[in-house]
Every structure is written in C-alpha cells, then in structure tokens.
>>> print(open('my_file.txt').read())   # compact mmCIF, C-alpha atoms
# COMPACT_ATOMS: atom_id res chain seq x y z
CA MET A 1419 19.09 19.79 72.04
CA GLU A 1420 16.63 18.10 74.33
CA PHE A 1421 13.05 16.86 74.31
CA LYS A 1422 10.61 15.36 76.79
CA VAL A 1423 9.11 11.88 76.90
CA LYS A 1424 6.13 10.85 79.02
CA SER A 1425 5.74 7.17 79.77
CA GLY A 1426 2.42 5.57 80.67
CA SER A 1427 3.31 2.27 82.29
CA ARG A 1428 5.94 0.57 84.44
CA THR A 1429 7.94 -0.72 81.47
CA GLN A 1430 7.44 0.66 77.98
CA LEU A 1431 9.32 1.11 74.71
CA ILE A 1432 8.46 4.48 73.13
CA ASP A 1433 9.39 5.20 69.51
CA ILE A 1434 11.24 8.54 69.56
CA THR A 1435 12.61 8.40 66.00
CA SER A 1436 10.43 11.28 64.79
CA ASP A 1437 11.24 13.36 67.91
CA VAL A 1438 14.96 12.95 67.24
CA GLN A 1439 14.49 13.71 63.54
CA ALA A 1440 12.39 16.81 64.36
CA ALA A 1441 15.00 18.13 66.81
CA LEU A 1442 17.74 17.75 64.19
CA ARG A 1443 15.59 19.60 61.64
CA GLU A 1444 14.86 22.46 64.05
CA ALA A 1445 18.56 22.78 64.88
CA GLY A 1446 19.46 22.78 61.18
CA VAL A 1447 21.84 19.86 61.63
CA ARG A 1448 23.24 18.49 58.34
CA ASP A 1449 25.98 15.88 58.77
CA GLY A 1450 27.73 14.03 61.56
CA LEU A 1451 26.97 11.60 64.35
CA CYS A 1452 23.99 12.09 66.63
CA MET A 1453 24.28 10.82 70.20
CA ILE A 1454 20.91 10.10 71.81
CA TYR A 1455 21.50 10.24 75.57
CA VAL A 1456 19.20 9.33 78.46
CA PRO A 1457 20.14 11.20 81.69
CA HIS A 1458 18.19 8.75 83.89
CA THR A 1459 19.34 5.63 85.75
CA THR A 1460 16.12 3.62 85.43
CA ALA A 1461 15.61 4.13 81.70
CA ALA A 1462 17.65 3.52 78.55
CA VAL A 1463 17.67 3.92 74.76
CA THR A 1464 17.83 1.23 72.07
CA ILE A 1465 17.55 0.77 68.32
CA ASN A 1466 15.22 -1.94 67.07
CA GLU A 1467 12.36 -2.71 64.68
CA ASN A 1468 9.58 -0.13 64.56
CA ALA A 1469 7.36 -1.88 62.01
CA ASP A 1470 5.62 -4.55 64.10
CA PRO A 1471 4.67 -3.33 67.62
CA THR A 1472 4.90 -6.87 69.02
CA VAL A 1473 8.70 -6.60 68.81
CA LYS A 1474 8.52 -3.98 71.58
CA SER A 1475 6.29 -6.13 73.79
CA ASP A 1476 8.43 -9.24 73.20
CA ILE A 1477 11.57 -7.33 74.23
CA LEU A 1478 9.88 -6.16 77.43
CA LYS A 1479 8.38 -9.58 78.15
CA ILE A 1480 11.79 -11.29 78.19
CA LEU A 1481 13.60 -8.43 79.97
CA ASN A 1482 10.94 -8.49 82.69
CA GLN A 1483 11.27 -12.26 82.93
CA VAL A 1484 15.10 -12.42 83.03
CA ILE A 1485 15.49 -9.44 85.40
CA PRO A 1486 12.93 -10.06 88.16
CA PHE A 1487 11.03 -7.10 89.66
CA GLU A 1488 11.38 -8.67 93.12
CA ALA A 1489 14.55 -10.54 94.16
CA ASN A 1490 15.69 -9.82 97.70
CA TYR A 1491 17.33 -6.61 96.45
CA GLY A 1492 19.33 -4.35 98.77
CA HIS A 1493 18.13 -1.10 97.15
CA MET A 1494 14.98 -0.08 99.05
CA GLU A 1495 13.24 1.98 96.35
CA GLY A 1496 11.73 -1.09 94.66
CA ASN A 1497 13.26 -0.29 91.28
CA SER A 1498 16.47 -2.34 91.24
CA ALA A 1499 15.23 -4.24 88.18
CA ALA A 1500 15.01 -0.91 86.34
CA HIS A 1501 18.61 -0.01 87.22
CA ILE A 1502 19.82 -3.40 85.99
CA LYS A 1503 17.91 -3.14 82.69
CA SER A 1504 19.29 0.37 82.24
CA THR A 1505 22.86 -0.97 82.48
CA LEU A 1506 22.15 -3.84 80.08
CA VAL A 1507 20.40 -1.76 77.39
CA GLY A 1508 22.56 1.34 77.82
CA ALA A 1509 22.24 5.10 78.31
CA SER A 1510 23.09 6.16 74.75
CA GLU A 1511 22.92 5.32 71.06
CA LEU A 1512 24.80 6.80 68.12
CA VAL A 1513 23.25 7.27 64.67
CA ALA A 1514 24.83 8.89 61.63
CA VAL A 1515 23.13 11.93 60.05
CA ARG A 1516 23.49 12.79 56.37
CA ASN A 1517 21.83 15.77 54.66
CA GLY A 1518 19.87 16.27 57.85
CA LYS A 1519 18.45 12.74 57.90
CA LEU A 1520 19.06 9.94 60.40
CA GLN A 1521 20.86 7.08 58.62
CA LEU A 1522 18.90 4.23 60.18
CA GLY A 1523 18.54 0.79 58.60
CA THR A 1524 15.28 0.00 56.78
CA TRP A 1525 13.54 -1.50 59.82
CA GLN A 1526 15.31 0.48 62.55
CA GLY A 1527 13.71 2.97 64.90
CA ILE A 1528 15.02 4.63 68.07
CA PHE A 1529 13.22 3.69 71.29
CA PHE A 1530 13.20 5.32 74.69
CA CYS A 1531 13.08 2.45 77.20
CA GLU A 1532 11.07 3.16 80.34
CA PHE A 1533 11.84 0.68 83.09
CA ASP A 1534 10.39 2.50 86.13
CA GLY A 1535 7.33 4.39 84.91
CA PRO A 1536 5.04 6.01 84.52
CA ARG A 1537 7.22 9.14 84.60
CA ARG A 1538 8.16 12.32 82.80
CA ARG A 1539 11.60 11.88 81.20
CA ARG A 1540 14.10 13.79 79.10
CA VAL A 1541 16.30 12.84 76.14
CA HIS A 1542 19.48 14.77 75.27
CA LEU A 1543 20.89 14.98 71.74
CA HIS A 1544 24.49 15.87 70.88
CA MET A 1545 25.93 16.23 67.38
CA ARG A 1546 29.55 15.59 66.42
CA MET B 420 32.44 3.27 54.32
CA GLU B 421 30.60 -0.01 54.27
CA PHE B 422 31.32 -3.70 53.85
CA LYS B 423 29.35 -6.91 53.63
CA VAL B 424 29.18 -9.86 56.03
CA LYS B 425 27.74 -13.27 55.20
CA SER B 426 26.66 -15.43 58.12
CA GLY B 427 26.43 -19.22 57.92
CA SER B 428 24.24 -20.22 60.85
CA ARG B 429 21.34 -19.06 63.01
CA THR B 430 23.55 -17.40 65.63
CA GLN B 431 27.20 -16.63 64.94
CA LEU B 432 29.94 -14.24 66.05
CA ILE B 433 32.07 -13.20 63.07
CA ASP B 434 35.42 -11.46 63.62
CA ILE B 435 35.32 -8.33 61.44
CA THR B 436 38.40 -6.62 62.92
CA SER B 437 40.45 -7.00 59.73
CA ASP B 438 37.51 -5.84 57.56
CA VAL B 439 37.19 -2.68 59.64
CA GLN B 440 40.96 -2.12 59.57
CA ALA B 441 41.06 -2.68 55.80
CA ALA B 442 38.23 -0.20 55.19
CA LEU B 443 40.03 2.46 57.26
CA ARG B 444 43.24 1.84 55.27
CA GLU B 445 41.44 2.14 51.92
CA ALA B 446 39.79 5.37 53.02
CA GLY B 447 43.12 6.76 54.20
CA VAL B 448 41.76 7.43 57.68
CA ARG B 449 44.42 8.56 60.20
CA ASP B 450 43.03 9.67 63.58
CA GLY B 451 39.70 9.90 65.32
CA LEU B 452 36.90 7.66 66.54
CA CYS B 453 35.48 4.92 64.35
CA MET B 454 31.83 4.00 64.81
CA ILE B 455 31.00 0.47 63.67
CA TYR B 456 27.26 0.42 62.98
CA VAL B 457 24.94 -2.48 62.18
CA PRO B 458 21.83 -1.32 60.24
CA HIS B 459 19.87 -4.49 61.09
CA THR B 460 17.43 -5.23 63.92
CA THR B 461 18.28 -8.92 64.40
CA ALA B 462 22.05 -8.52 64.55
CA ALA B 463 24.52 -6.50 66.63
CA VAL B 464 28.20 -5.69 67.09
CA THR B 465 30.42 -6.35 70.11
CA ILE B 466 34.05 -6.19 71.21
CA ASN B 467 35.50 -9.28 72.89
CA GLU B 468 38.39 -11.74 72.87
CA ASN B 469 39.50 -12.98 69.45
CA ALA B 470 42.29 -15.30 70.60
CA ASP B 471 40.36 -18.39 71.77
CA PRO B 472 37.35 -19.20 69.53
CA THR B 473 35.52 -20.87 72.44
CA VAL B 474 34.83 -17.39 73.85
CA LYS B 475 32.53 -16.79 70.87
CA SER B 476 30.69 -20.08 71.35
CA ASP B 477 30.37 -19.55 75.12
CA ILE B 478 28.84 -16.10 74.55
CA LEU B 479 26.30 -17.56 72.09
CA LYS B 480 25.56 -20.56 74.33
CA ILE B 481 24.50 -18.38 77.25
CA LEU B 482 22.69 -15.76 75.13
CA ASN B 483 20.70 -18.55 73.45
CA GLN B 484 19.93 -20.05 76.87
CA VAL B 485 18.90 -16.79 78.60
CA ILE B 486 16.88 -15.47 75.62
CA PRO B 487 14.78 -18.44 74.49
CA PHE B 488 14.16 -18.97 70.74
CA GLU B 489 10.56 -19.95 71.54
CA ALA B 490 8.56 -18.22 74.29
CA ASN B 491 4.96 -17.45 73.36
CA TYR B 492 6.16 -14.36 71.50
CA GLY B 493 3.71 -11.95 69.85
CA HIS B 494 5.94 -11.23 66.83
CA MET B 495 5.00 -13.81 64.20
CA GLU B 496 8.26 -13.97 62.25
CA GLY B 497 9.88 -16.41 64.67
CA ASN B 498 12.86 -14.17 65.36
CA SER B 499 11.89 -12.30 68.53
CA ALA B 500 14.89 -13.76 70.34
CA ALA B 501 17.13 -12.13 67.71
CA HIS B 502 15.51 -8.71 68.25
CA ILE B 503 15.98 -9.00 72.02
CA LYS B 504 19.66 -10.02 71.69
CA SER B 505 20.18 -7.12 69.28
CA THR B 506 18.91 -4.66 71.91
CA LEU B 507 21.06 -6.21 74.66
CA VAL B 508 24.31 -6.34 72.68
CA GLY B 509 23.74 -3.10 70.78
CA ALA B 510 23.82 -1.73 67.23
CA SER B 511 27.16 0.07 67.42
CA GLU B 512 30.65 0.14 68.89
CA LEU B 513 33.21 2.94 69.02
CA VAL B 514 36.96 2.37 68.70
CA ALA B 515 39.72 4.98 68.61
CA VAL B 516 42.00 5.15 65.55
CA ARG B 517 45.57 6.46 65.75
CA ASN B 518 47.98 6.66 62.79
CA GLY B 519 45.44 4.65 60.82
CA LYS B 520 45.32 1.78 63.33
CA LEU B 521 42.41 0.63 65.51
CA GLN B 522 43.35 1.18 69.18
CA LEU B 523 41.98 -2.10 70.52
CA GLY B 524 43.16 -3.75 73.73
CA THR B 525 45.61 -6.66 73.44
CA TRP B 526 42.93 -9.35 73.37
CA GLN B 527 40.12 -7.35 71.77
CA GLY B 528 38.54 -7.98 68.39
CA ILE B 529 35.37 -6.58 66.81
CA PHE B 530 32.60 -9.11 66.17
CA PHE B 531 29.53 -8.94 63.99
CA CYS B 532 26.78 -10.77 65.93
CA GLU B 533 24.35 -12.71 63.77
CA PHE B 534 21.20 -13.61 65.68
CA ASP B 535 18.85 -14.55 62.80
CA GLY B 536 20.99 -16.12 60.10
CA PRO B 537 22.14 -17.34 57.81
CA ARG B 538 21.91 -14.01 55.96
CA ARG B 539 23.80 -11.43 53.96
CA ARG B 540 24.44 -8.38 56.13
CA ARG B 541 26.09 -4.98 55.97
CA VAL B 542 28.28 -3.01 58.37
CA HIS B 543 28.59 0.79 58.20
CA LEU B 544 31.66 2.70 59.37
CA HIS B 545 31.73 6.38 60.31
CA MET B 546 34.80 8.37 61.35
CA ARG B 547 34.76 11.40 63.66
CA MET C 725 44.24 10.21 78.35
CA GLU C 726 44.31 7.12 80.48
CA PHE C 727 44.08 6.12 84.12
CA LYS C 728 44.40 2.96 86.17
CA VAL C 729 41.78 1.06 88.17
CA LYS C 730 42.52 -1.64 90.74
CA SER C 731 39.71 -4.04 91.55
CA GLY C 732 39.49 -5.95 94.81
CA SER C 733 37.08 -8.78 94.13
CA ARG C 734 35.87 -11.14 91.42
CA THR C 735 33.01 -8.88 90.34
CA GLN C 736 32.86 -5.23 91.34
CA LEU C 737 31.42 -1.92 90.17
CA ILE C 738 33.89 0.91 90.79
CA ASP C 739 32.77 4.54 90.57
CA ILE C 740 35.25 6.25 88.24
CA THR C 741 33.29 9.49 87.71
CA SER C 742 35.82 11.61 89.61
CA ASP C 743 38.76 9.92 87.82
CA VAL C 744 37.21 10.78 84.45
CA GLN C 745 36.44 14.33 85.58
CA ALA C 746 39.99 14.78 86.93
CA ALA C 747 41.56 13.53 83.68
CA LEU C 748 39.46 16.00 81.65
CA ARG C 749 40.49 18.84 83.98
CA GLU C 750 44.19 17.95 83.71
CA ALA C 751 43.94 17.80 79.92
CA GLY C 752 42.14 21.17 79.86
CA VAL C 753 39.22 19.73 77.92
CA ARG C 754 36.29 22.15 77.49
CA ASP C 755 33.52 20.91 75.20
CA GLY C 756 32.68 17.82 73.22
CA LEU C 757 31.91 14.16 73.73
CA CYS C 758 34.02 12.02 76.03
CA MET C 759 34.35 8.34 75.19
CA ILE C 760 35.21 6.17 78.18
CA TYR C 761 36.79 2.99 76.79
CA VAL C 762 37.77 -0.25 78.53
CA PRO C 763 40.53 -2.11 76.61
CA HIS C 764 39.80 -5.42 78.40
CA THR C 765 37.58 -8.34 77.40
CA THR C 766 36.47 -9.39 80.90
CA ALA C 767 35.47 -5.92 82.12
CA ALA C 768 33.11 -3.18 80.94
CA VAL C 769 31.86 0.33 81.67
CA THR C 770 28.34 1.47 82.53
CA ILE C 771 26.41 4.53 83.69
CA ASN C 772 24.09 4.09 86.66
CA GLU C 773 23.10 5.50 90.05
CA ASN C 774 25.98 6.46 92.35
CA ALA C 775 23.92 7.64 95.34
CA ASP C 776 22.89 4.35 96.98
CA PRO C 777 25.67 1.69 96.91
CA THR C 778 23.12 -1.14 96.96
CA VAL C 779 22.35 -0.37 93.31
CA LYS C 780 25.84 -1.62 92.45
CA SER C 781 25.45 -4.82 94.46
CA ASP C 782 21.95 -5.46 93.04
CA ILE C 783 23.28 -5.12 89.48
CA LEU C 784 26.08 -7.60 90.23
CA LYS C 785 23.76 -9.98 92.06
CA ILE C 786 21.46 -10.39 89.06
CA LEU C 787 24.26 -10.41 86.46
CA ASN C 788 26.02 -13.17 88.44
CA GLN C 789 22.73 -15.08 88.68
CA VAL C 790 21.70 -14.77 85.02
CA ILE C 791 25.21 -15.44 83.63
CA PRO C 792 26.47 -18.46 85.61
CA PHE C 793 30.15 -18.63 86.62
CA GLU C 794 30.16 -22.36 85.79
CA ALA C 795 28.20 -23.76 82.82
CA ASN C 796 30.05 -26.40 80.83
CA TYR C 797 31.92 -23.63 79.02
CA GLY C 798 34.38 -24.39 76.22
CA HIS C 799 36.84 -21.62 77.20
CA MET C 800 39.29 -23.21 79.65
CA GLU C 801 40.36 -20.09 81.58
CA GLY C 802 37.33 -20.20 83.88
CA ASN C 803 36.23 -16.67 83.02
CA SER C 804 33.65 -17.18 80.28
CA ALA C 805 31.00 -15.51 82.44
CA ALA C 806 33.19 -12.40 82.52
CA HIS C 807 33.47 -12.32 78.72
CA ILE C 808 29.69 -12.65 78.37
CA LYS C 809 28.99 -9.86 80.86
CA SER C 810 31.52 -7.68 79.06
CA THR C 811 29.59 -8.08 75.79
CA LEU C 812 26.25 -7.37 77.47
CA VAL C 813 27.35 -4.26 79.39
CA GLY C 814 29.72 -2.97 76.70
CA ALA C 815 33.27 -1.69 76.31
CA SER C 816 32.49 2.03 76.09
CA GLU C 817 30.24 4.86 77.19
CA LEU C 818 29.82 8.37 75.79
CA VAL C 819 29.16 11.42 77.94
CA ALA C 820 28.90 15.04 76.83
CA VAL C 821 31.32 17.61 78.31
CA ARG C 822 30.43 21.30 78.63
CA ASN C 823 32.71 23.97 80.12
CA GLY C 824 34.97 21.16 81.25
CA LYS C 825 32.23 19.32 83.17
CA LEU C 826 30.71 15.90 82.47
CA GLN C 827 27.02 16.37 81.59
CA LEU C 828 25.65 13.45 83.60
CA GLY C 829 22.09 13.21 84.86
CA THR C 830 21.41 14.05 88.52
CA TRP C 831 21.82 10.48 89.77
CA GLN C 832 24.26 9.21 87.16
CA GLY C 833 27.83 8.09 87.79
CA ILE C 834 30.29 6.21 85.56
CA PHE C 835 31.27 2.74 86.75
CA PHE C 836 34.14 0.50 85.77
CA CYS C 837 32.72 -3.04 85.79
CA GLU C 838 35.15 -5.72 86.95
CA PHE C 839 33.96 -9.20 85.99
CA ASP C 840 37.19 -11.20 86.44
CA GLY C 841 39.06 -9.63 89.32
CA PRO C 842 40.86 -8.81 91.38
CA ARG C 843 43.10 -7.18 88.75
CA ARG C 844 44.88 -4.02 87.72
CA ARG C 845 43.00 -2.41 84.83
CA ARG C 846 43.16 0.63 82.56
CA VAL C 847 40.55 3.06 81.24
CA HIS C 848 41.11 5.10 78.07
CA LEU C 849 39.46 8.46 77.44
CA HIS C 850 39.00 10.06 74.02
CA MET C 851 37.49 13.49 73.34
CA ARG C 852 35.67 14.49 70.16
>>> encode(input="my_file.txt", output="structure tokens")
Amino acid sequence: MEFKVKSGSRTQLIDITSDVQAALREAGVRDGLCMIYVPHTTAAVTINENADPTVKSDILKILNQVIPFEANYGHMEGNSAAHIKSTLVGASELVAVRNGKLQLGTWQGIFFCEFDGPRRRRVHLHMR
Amino acid sequence: MEFKVKSGSRTQLIDITSDVQAALREAGVRDGLCMIYVPHTTAAVTINENADPTVKSDILKILNQVIPFEANYGHMEGNSAAHIKSTLVGASELVAVRNGKLQLGTWQGIFFCEFDGPRRRRVHLHMR
Amino acid sequence: MEFKVKSGSRTQLIDITSDVQAALREAGVRDGLCMIYVPHTTAAVTINENADPTVKSDILKILNQVIPFEANYGHMEGNSAAHIKSTLVGASELVAVRNGKLQLGTWQGIFFCEFDGPRRRRVHLHMR
C-alpha cells in the first residue's frame, strides 16, 4: 500500500490520518499493526494532536529554532537541517488496527512531516 | 492489553518495565514483538537506563531546557512543549519477547514519559 | 539474528545497511518487517542518507551542540549526553523486506548511532 503527499512549504506537518485509514479500507485490512513508513531522508512521520492546528505550527517553530537551517554544514545541498529533523522525528510509526479502524488515542492524528519542501512525497503502509 | 500509569509531576520518567512484563505474563504471551503504545499527545515512551535514577532526571533536565515551556506558542493550552517532546521521543517502542520475557539489553528499561502531568494515563500493548 | 559493531570515536554514525542485508540473506528471510534493535542505552539506530558522508557529520554536529556533553548532570559516568541522544533518536527502526531485500527509499541507509564510544556494540534483528 502506498499513497502520495504533496507539501506546499519548506517545513509542514500534513495530517494523513484519513489517507492511511482510506488505504486500509481499500485493502480490506481488518486487524494487526500498521507501519506508516516514509522512504525519504528529509521528511518524517509523527503522531500528535490533530484538533488544534496551532500544535503543528508550534512543533515546527521549535524544531526550526533548535535545528538551524544554516550552521556551517558540510552537506552542500542546503538541507542538512531537514536530515537532522528526519532522524529526530523518525521514518516510521506503528498504529494498531482493529476491525479495520486505526486505534489512535482520542486526540491523536498521524502527520507527514515535510522538512525540505515543497515536494511530492510518498508514504508506504505495511500491515502485520 | 492495557494498564494505567499515574504521574506525579509536570515532567516525569516512570519505569514501566515490570508493568509491561506483568501484562505479558497475565496474557500468557510467549514469543514475538511487543509494541508499547502511548495513546496520548503530551506523553511518550522511551527505552533507557533504569539502574541509576539520575539518568531519568538528566534526560528531563535537557529536554526541558531545549524545548522551552514558554515560547510565544500559538496553542493556548499551555502545553505546547509537551506536544513537541512527545513528537521527538515518540508514541511507541518495540521490544522482542522470548519465552515470555522481554528481550531488553542489560541496562535497558521501558519508561513512560510524562510531559504534561500530573495526570492519569494509559499504556496499550500489542503483540505480533 | 545479531551482529557486532565496533565504533572508533566518541560519537559516530556507522552505516550498517549491508550488515543487516547480509544477516537477512544468511537467515534466508523473504518477506515481512525487519526490526533493527540496539540493546544499549548510550547508542541508537536511525535511517538517513548514505550517499554523502557529510550528512552523518552534520547530524552529529548539531546533536552534540544541542545536547551538551557537560551540563551539571547528576549521572556521574560522564555520558548523560549519550543517554539523552539515545532517547531522542531511538532504540529501534523498522524496515520492510520483500523477496529478501530491504525496502529502503532511494537515498536511505540504516545507521548505528554511537554516542559514547569507542566501544564494541551489538545489533539485534527480529523478523515479523
């Protein structure tokens, strides 16, 4: 299973909960663990609150502050900060699925984390 | 499988290794991978040393220093720092189980990470 | 499945992609999810770019800057920074395996993260 994500700015958290849920429904998945995997090295995936959109912007604000965009980096592509954020946030998340539904907490959503956009990206899903 | 955790301060690392092990024993689990999942957006779970308790306080000291409690955040609930720490530490951990026992390294324990306490929390366990 | 890693400096990212792939081949693994697990509390594992080696050094540069080696820590072994980095980067990664091959993105490699070297370390692999 796989779906596409299109980011619109340099750093962005994109709620992909309904994309993941739709892919599971299409595949007829019932029970198990769903791995959400990002095959990119300047992006990541996280689980956090999807009720108040300021949570997303606060996360990005501090990440962008703690991991500077410019810092005498050796990597010449200008996106070292994105690689570092990718390692800190992580390339995958696991969520349980029961009766075809993601077993997220009340306030939890799944977010694709763009750290070097805007770009076209992909998300892989694996069930076990 | 599920159990409860009660935190006593704003930020706290709580060793839940024996709770996880006890839940596996009760469920009669023998072999596989155990996912430890936190269904909250201002908490997390991590694996680290459970021999010297100062490791826990050193982890919290630096997290609280790097991710400021107050920082002109947009989220009005006063717990943006907790959401950010939750994304950095992560909502789940995976540990192998063999003959009913968690296959942790010699110095490793599993810690519930409270970032917006004190609160009553829950931890979910899934075997695969 | 298990293999050894030997680090040569205090902090170091070591590409273990081919070690993981070789262990899967030896074990005759075909399809599933591979968990790469670090049983140490002052090391970690991450997925990031393995094309340009400066990505590794940039990641370490910022981690070493954000998490200070010395900071009035309570833990007396002088490696609190390593424990903190271990919690932030994480003790495990999951990668899908198809037809015996790791399903990494084009630029992705798997890195053992040494934060308290030089040391002899181990990496555990579990298939599901």
>>> atom_distance(input="my_file.txt", atom1="atom CA of Ser1498 of chain A", atom2="atom CA of Cys1531 of chain A")
15.2 Å
>>> interface_residues(input="my_file.txt", of="chain B", to="chain A", cutoff="7 Å", atoms="only C-alpha atoms", output="list in words")
Pro458, His459, Thr460, Tyr492, Gly493, His494, Ser499, His502, Ile503, Thr506, Leu507 and Ala510 of chain B
>>> atom_distance(input="my_file.txt", atom1="atom CA of Arg734 of chain C", atom2="atom CA of Ala1500 of chain A")
23.8 Å
>>> closest_residue(input="my_file.txt", among="C:Ile738, C:Lys730, C:Met725, C:Ala751", to="Arg844 of chain C", atoms="all atoms listed in the file")
C:Lys730
>>> axis_aligned_box(input="my_file.txt", around="segment 800-808 of chain C", padding_each_side="5 Å", output="JSON")
{"center_x": 35.0, "center_y": -17.8, "center_z": 81.1, "size_x": 20.7, "size_y": 20.9, "size_z": 15.5}
>>> atom_distance(input="my_file.txt", atom1="atom CA of Phe422 of chain B", atom2="atom CA of Val448 of chain B")
15.7 Å
>>> closest_residue(input="my_file.txt", among="A:Asn1490, A:Thr1460, A:Ser1425, A:Asn1517", to="Ser1504 of chain A", atoms="only C-alpha atoms")
A:Thr1460
>>> residues_around(input="my_file.txt", residues="Glu445 of chain B", least_positions_apart="3", cutoff="12 Å", atoms="all atoms listed in the file", output="CSV table (one decimal) with C-alpha atoms, in the frame of the given file")
chain,number,residue,atom,x,y,z
B,420,MET,CA,32.4,3.3,54.3
B,421,GLU,CA,30.6,0.0,54.3
B,422,PHE,CA,31.3,-3.7,53.8
B,438,ASP,CA,37.5,-5.8,57.6
B,439,VAL,CA,37.2,-2.7,59.6
B,440,GLN,CA,41.0,-2.1,59.6
B,441,ALA,CA,41.1,-2.7,55.8
B,442,ALA,CA,38.2,-0.2,55.2
B,448,VAL,CA,41.8,7.4,57.7
B,449,ARG,CA,44.4,8.6,60.2
B,519,GLY,CA,45.4,4.6,60.8
>>> closest_residue(input="my_file.txt", among="B:Pro537, B:Phe530, B:Val516, B:Val542", to="Gly447 of chain B", atoms="all atoms listed in the file")
B:Val516
>>> closest_residue(input="my_file.txt", among="C:Glu794, C:Phe836, C:Gly732, C:Lys825", to="His848 of chain C", atoms="all atoms listed in the file")
C:Phe836
>>> residues_near_point(input="my_file.txt", point="(9.3, -4.1, 83.3)", cutoff="6 Å", atoms="only C-alpha atoms", output="PyMOL selection string")
chain A and resi 1428-1429+1482+1533
>>> decode(input="my_file.txt", residues="segment 488-541 of chain B", atoms="C-alpha atoms", output="PDB file, in the first residue's frame")
ATOM      1  CA  PHE B 488       7.813  25.591  28.498  1.00  0.00           C
ATOM      2  CA  GLU B 489       7.052  29.173  27.408  1.00  0.00           C
ATOM      3  CA  ALA B 490       7.895  30.433  23.911  1.00  0.00           C
ATOM      4  CA  ASN B 491       5.194  32.598  22.335  1.00  0.00           C
ATOM      5  CA  TYR B 492       3.321  29.429  21.364  1.00  0.00           C
ATOM      6  CA  GLY B 493       0.096  29.574  19.340  1.00  0.00           C
ATOM      7  CA  HIS B 494      -1.567  26.668  21.184  1.00  0.00           C
ATOM      8  CA  MET B 495      -3.465  28.223  24.096  1.00  0.00           C
ATOM      9  CA  GLU B 496      -3.495  25.266  26.498  1.00  0.00           C
ATOM     10  CA  GLY B 497      -0.004  25.993  27.825  1.00  0.00           C
ATOM     11  CA  ASN B 498       1.333  22.548  26.956  1.00  0.00           C
ATOM     12  CA  SER B 499       2.964  23.034  23.549  1.00  0.00           C
ATOM     13  CA  ALA B 500       6.313  21.952  24.979  1.00  0.00           C
ATOM     14  CA  ALA B 501       4.714  18.626  25.931  1.00  0.00           C
ATOM     15  CA  HIS B 502       3.404  18.084  22.384  1.00  0.00           C
ATOM     16  CA  ILE B 503       6.848  18.811  20.926  1.00  0.00           C
ATOM     17  CA  LYS B 504       8.616  16.423  23.343  1.00  0.00           C
ATOM     18  CA  SER B 505       6.009  13.767  22.519  1.00  0.00           C
ATOM     19  CA  THR B 506       6.892  14.018  18.809  1.00  0.00           C
ATOM     20  CA  LEU B 507      10.642  13.901  19.497  1.00  0.00           C
ATOM     21  CA  VAL B 508      10.571  10.927  21.886  1.00  0.00           C
ATOM     22  CA  GLY B 509       7.782   9.062  20.115  1.00  0.00           C
ATOM     23  CA  ALA B 510       4.468   7.339  20.853  1.00  0.00           C
ATOM     24  CA  SER B 511       5.682   3.745  20.707  1.00  0.00           C
ATOM     25  CA  GLU B 512       8.544   1.331  21.327  1.00  0.00           C
ATOM     26  CA  LEU B 513       9.051  -2.236  20.135  1.00  0.00           C
ATOM     27  CA  VAL B 514      10.723  -4.930  22.243  1.00  0.00           C
ATOM     28  CA  ALA B 515      11.198  -8.601  21.382  1.00  0.00           C
ATOM     29  CA  VAL B 516       9.684 -11.242  23.686  1.00  0.00           C
ATOM     30  CA  ARG B 517      11.159 -14.736  24.012  1.00  0.00           C
ATOM     31  CA  ASN B 518       9.781 -17.477  26.301  1.00  0.00           C
ATOM     32  CA  GLY B 519       7.521 -14.833  27.799  1.00  0.00           C
ATOM     33  CA  LYS B 520      10.383 -12.477  28.713  1.00  0.00           C
ATOM     34  CA  LEU B 521      11.151  -9.008  27.354  1.00  0.00           C
ATOM     35  CA  GLN B 522      14.494  -9.145  25.486  1.00  0.00           C
ATOM     36  CA  LEU B 523      15.905  -5.868  26.794  1.00  0.00           C
ATOM     37  CA  GLY B 524      19.617  -5.062  26.943  1.00  0.00           C
ATOM     38  CA  THR B 525      21.376  -5.402  30.307  1.00  0.00           C
ATOM     39  CA  TRP B 526      20.827  -1.782  31.339  1.00  0.00           C
ATOM     40  CA  GLN B 527      17.587  -1.113  29.464  1.00  0.00           C
ATOM     41  CA  GLY B 528      14.209  -0.357  30.990  1.00  0.00           C
ATOM     42  CA  ILE B 529      10.988   0.943  29.432  1.00  0.00           C
ATOM     43  CA  PHE B 530       9.885   4.391  30.583  1.00  0.00           C
ATOM     44  CA  PHE B 531       6.565   6.169  30.299  1.00  0.00           C
ATOM     45  CA  CYS B 532       7.405   9.835  29.641  1.00  0.00           C
ATOM     46  CA  GLU B 533       5.023  12.314  31.230  1.00  0.00           C
ATOM     47  CA  PHE B 534       5.387  15.772  29.713  1.00  0.00           C
ATOM     48  CA  ASP B 535       2.145  17.435  30.914  1.00  0.00           C
ATOM     49  CA  GLY B 536       1.362  15.982  34.329  1.00  0.00           C
ATOM     50  CA  PRO B 537       0.362  15.210  36.866  1.00  0.00           C
ATOM     51  CA  ARG B 538      -2.254  13.032  35.133  1.00  0.00           C
ATOM     52  CA  ARG B 539      -3.769   9.588  34.890  1.00  0.00           C
ATOM     53  CA  ARG B 540      -2.546   7.888  31.722  1.00  0.00           C
ATOM     54  CA  ARG B 541      -2.882   4.625  29.851  1.00  0.00           C
TER      55      ARG B 541
END
